[in-house]
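**Student:** Next up is a structure, given as structure tokens.
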Amino acid sequence: RPYCAAVVVAAGSGTRMGADKLFMQLGGCTVIERTLAALDESEWIDEIVVATQSEKITTIAALARERGIRKLKCVVEGGADRTASAWAGVRECSERAELIAIHDAARPLVTEEIIERAVRAAAERGAAAPAIHVKDTVRQARGGRVLRTLERDELYLMQTPQVFRAELIRA
């Protein structure tokens, strides 16, 4: 199987949640610990890079050490938005990486099956990401006026990890 590096994007402010969700407890440990453990335990992930806010670097590194996360390569400062943070992480991935997975730190319940399917599909096709069908009715509107109802069987909610051939994401 191809060598796969995972970039964990963890630089968000958590303002929509009202608190920093990365450090909220979930089943006896923090959300970030659960996320890192899921990737660390996956046989499809070879190394992990975390991109976060500068003031969280030492805390996340310490939590990973305490949790025994073996595959953590480094924790680096992320950027002003998700794209900049992902790029900061990608730059730190090993040159050995044939695939790079971008994963949201606030998705701690990712399963081994989801990781495997995304990595396998990206190895075959160049890029892949898990997605789920939209179940709700979705309407497009402008200025408070409904323009149209979108067909839900044509709509998907994209999730992570989003996996790419390394040369594609680096380019």
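Residues in the structure tokens are named by chain (A, B, ... in the order shown) and by number from 1 within that chain; ligands are numbered from 1 in the order shown.
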Name the residues of segment 104-161 of chain A that come out as strand (DSSP E) in a backbone DSSP run; write them as JSON, numbers by chain.
**Tutor:** {"A": [104, 127, 128, 131, 132, 133, 138, 139, 140, 141, 142, 145, 146, 147, 148, 149, 150, 156, 157, 158]}
**Student:** Write the residues you've just listed into a file as a CSV table (one decimal), in the first residue's frame, and include N, CA and C atoms for each of them.
**Tutor:**
```csv
chain,number,residue,atom,x,y,z
A,104,ASP,N,-10.1,16.8,9.4
A,104,ASP,CA,-10.6,17.8,10.4
A,104,ASP,C,-10.4,17.3,11.8
A,127,ALA,N,-7.6,11.2,-6.1
A,127,ALA,CA,-8.1,11.9,-4.9
A,127,ALA,C,-9.5,11.2,-4.6
A,128,ALA,N,-9.8,11.3,-3.3
A,128,ALA,CA,-11.1,10.8,-2.8
A,128,ALA,C,-11.4,11.4,-1.5
A,131,ALA,N,-18.3,10.9,1.6
A,131,ALA,CA,-19.5,11.8,1.5
A,131,ALA,C,-20.7,11.1,1.9
A,132,ILE,N,-21.7,11.9,2.4
A,132,ILE,CA,-23.0,11.3,2.8
A,132,ILE,C,-24.1,12.1,2.0
A,133,HIS,N,-25.1,11.3,1.7
A,133,HIS,CA,-26.3,11.9,1.0
A,133,HIS,C,-27.0,12.9,1.9
A,138,VAL,N,-33.4,21.0,0.6
A,138,VAL,CA,-32.5,22.1,0.5
A,138,VAL,C,-33.0,23.1,-0.6
A,139,ARG,N,-33.1,24.3,-0.2
A,139,ARG,CA,-33.6,25.3,-1.2
A,139,ARG,C,-32.5,26.4,-1.4
A,140,GLN,N,-32.4,26.8,-2.6
A,140,GLN,CA,-31.6,27.9,-3.0
A,140,GLN,C,-32.4,29.2,-2.9
A,141,ALA,N,-31.9,30.2,-2.2
A,141,ALA,CA,-32.6,31.4,-2.0
A,141,ALA,C,-31.7,32.6,-2.2
A,142,ARG,N,-32.3,33.8,-2.5
A,142,ARG,CA,-31.5,35.0,-2.6
A,142,ARG,C,-32.4,36.1,-2.2
A,145,ARG,N,-35.9,35.2,-0.9
A,145,ARG,CA,-36.9,34.6,-1.9
A,145,ARG,C,-36.3,33.3,-2.4
A,146,VAL,N,-37.1,32.3,-2.3
A,146,VAL,CA,-36.7,30.9,-2.8
A,146,VAL,C,-36.6,30.9,-4.3
A,147,LEU,N,-35.5,30.5,-4.8
A,147,LEU,CA,-35.3,30.4,-6.3
A,147,LEU,C,-35.6,29.0,-6.8
A,148,ARG,N,-35.2,28.0,-6.0
A,148,ARG,CA,-35.5,26.6,-6.4
A,148,ARG,C,-35.2,25.6,-5.3
A,149,THR,N,-35.9,24.5,-5.4
A,149,THR,CA,-35.6,23.4,-4.4
A,149,THR,C,-34.6,22.5,-5.2
A,150,LEU,N,-33.5,22.1,-4.5
A,150,LEU,CA,-32.5,21.3,-5.1
A,150,LEU,C,-32.8,19.8,-4.9
A,156,TYR,N,-24.5,16.0,-1.8
A,156,TYR,CA,-23.7,15.2,-0.8
A,156,TYR,C,-23.0,16.2,0.1
A,157,LEU,N,-22.8,15.7,1.4
A,157,LEU,CA,-22.1,16.5,2.4
A,157,LEU,C,-20.7,15.8,2.4
A,158,MET,N,-19.7,16.6,2.1
A,158,MET,CA,-18.3,16.1,2.1
A,158,MET,C,-17.8,16.0,3.5
```
**Student:** Please list as an mmCIF file with C-alpha atoms, in the first residue's frame every residue within 9 Å of Ala118 of chain A, counting only C-alpha atoms and excluding residues in the same chain fewer than 6 positions away.
**Tutor:**
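Below is the file that was written, around.cif:
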```cif
data_model
loop_
_atom_site.group_PDB
_atom_site.id
_atom_site.type_symbol
_atom_site.label_atom_id
_atom_site.label_comp_id
_atom_site.auth_asym_id
_atom_site.auth_seq_id
_atom_site.Cartn_x
_atom_site.Cartn_y
_atom_site.Cartn_z
ATOM 1 C CA ALA A 101 -4.927 12.852 3.803
ATOM 2 C CA ALA A 127 -8.133 11.899 -4.938
ATOM 3 C CA ALA A 128 -11.072 10.763 -2.812
ATOM 4 C CA ALA A 129 -13.210 11.819 0.124
ATOM 5 C CA PRO A 130 -16.067 10.303 2.072
ATOM 6 C CA THR A 160 -12.827 13.938 5.898
ATOM 7 C CA PRO A 161 -10.270 12.522 5.447
ATOM 8 C CA GLN A 162 -9.914 14.000 1.973
ATOM 9 C CA VAL A 163 -7.036 12.066 0.438
#
```
**Student:** Might you pull out every residue within 8 Å of segment 49-63 of chain A, with only C-alpha atoms counted and same-chain residues fewer than 5 positions away left off, and present them as an MDAnalysis selection string?
**Tutor:** chainID A and resid 5:12 32:33 72:79 85:86 88:89 92:93
**Student:** Next, write the just-selected residues to a file, as a CSV table (one decimal), in the first residue's frame, keeping C-alpha atoms as the atom set.
**Tutor:**
```
chain,number,residue,atom,x,y,z
A,5,ALA,CA,0.7,11.1,5.7
A,6,ALA,CA,-2.3,12.6,7.5
A,7,VAL,CA,-2.5,16.4,8.0
A,8,VAL,CA,-4.9,17.2,10.9
A,9,VAL,CA,-6.3,20.7,10.5
A,10,ALA,CA,-6.8,22.0,14.0
A,11,ALA,CA,-6.4,25.8,13.8
A,12,GLY,CA,-10.1,26.8,14.0
A,32,ILE,CA,-8.2,16.0,19.6
A,33,GLU,CA,-6.9,13.0,21.4
A,72,LEU,CA,2.9,12.1,15.2
A,73,LYS,CA,5.7,13.7,13.1
A,74,CYS,CA,5.2,17.3,14.3
A,75,VAL,CA,2.7,20.0,15.4
A,76,VAL,CA,3.0,23.2,13.4
A,77,GLU,CA,1.4,26.6,13.2
A,78,GLY,CA,-1.6,26.7,10.9
A,79,GLY,CA,-2.8,29.6,8.8
A,85,SER,CA,-3.6,25.4,7.6
A,86,ALA,CA,-3.8,22.4,5.4
A,88,ALA,CA,1.2,24.4,6.4
A,89,GLY,CA,0.7,20.7,7.3
A,92,GLU,CA,5.8,19.3,6.7
A,93,CYS,CA,4.8,15.9,5.3
```
**Student:** Which parts of segment 39-156 of chain A does DSSP call helix (DSSP H, G or I) when run on the backbone here, written out as a PyMOL selection string?
**Tutor:** chain A and resi 39-41+54-67+82-92+112-125+152-154
**Student:** Neighbours of Val31 of chain A within 7 Å (only C-alpha atoms; same-chain residues fewer than 2 positions away dropped), as a short mmCIF file (atom, residue, chain, number, x, y, z; two decimals) with C-alpha atoms, in the first residue's frame?
**Tutor:**
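Contents of out15.cif, as written:
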```cif
data_model
loop_
_atom_site.label_atom_id
_atom_site.label_comp_id
_atom_site.auth_asym_id
_atom_site.auth_seq_id
_atom_site.Cartn_x
_atom_site.Cartn_y
_atom_site.Cartn_z
CA LYS A 21 -14.27 21.84 20.81
CA LEU A 22 -10.81 20.26 20.45
CA PHE A 23 -10.40 20.19 24.22
CA MET A 24 -13.97 19.15 25.07
CA GLN A 25 -14.30 15.75 26.72
CA LEU A 26 -15.67 12.89 24.65
CA CYS A 29 -10.56 12.08 26.61
CA GLU A 33 -6.90 12.98 21.43
CA ARG A 34 -9.65 10.82 19.91
CA THR A 35 -8.97 12.17 16.44
CA ALA A 106 -13.13 18.00 15.06
CA PRO A 108 -12.97 12.26 16.18
#
```
**Student:** Find the distance between atom CA of Glu154 of chain A and atom CA of Leu99 of chain A and write it in Å to one decimal.
**Tutor:**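 Atom-to-atom, atom CA of Glu154 of chain A and atom CA of Leu99 of chain A are spaced 28.1 Å apart.
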**Student:** Here is a test: counting only C-alpha atoms, which residue of A:Lys135, A:His103, A:Arg70, A:Arg96 is nearest to Glu41 of chain A?
**Tutor:**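 Answer, going by the shortest atom-to-atom distance: A:Arg70.
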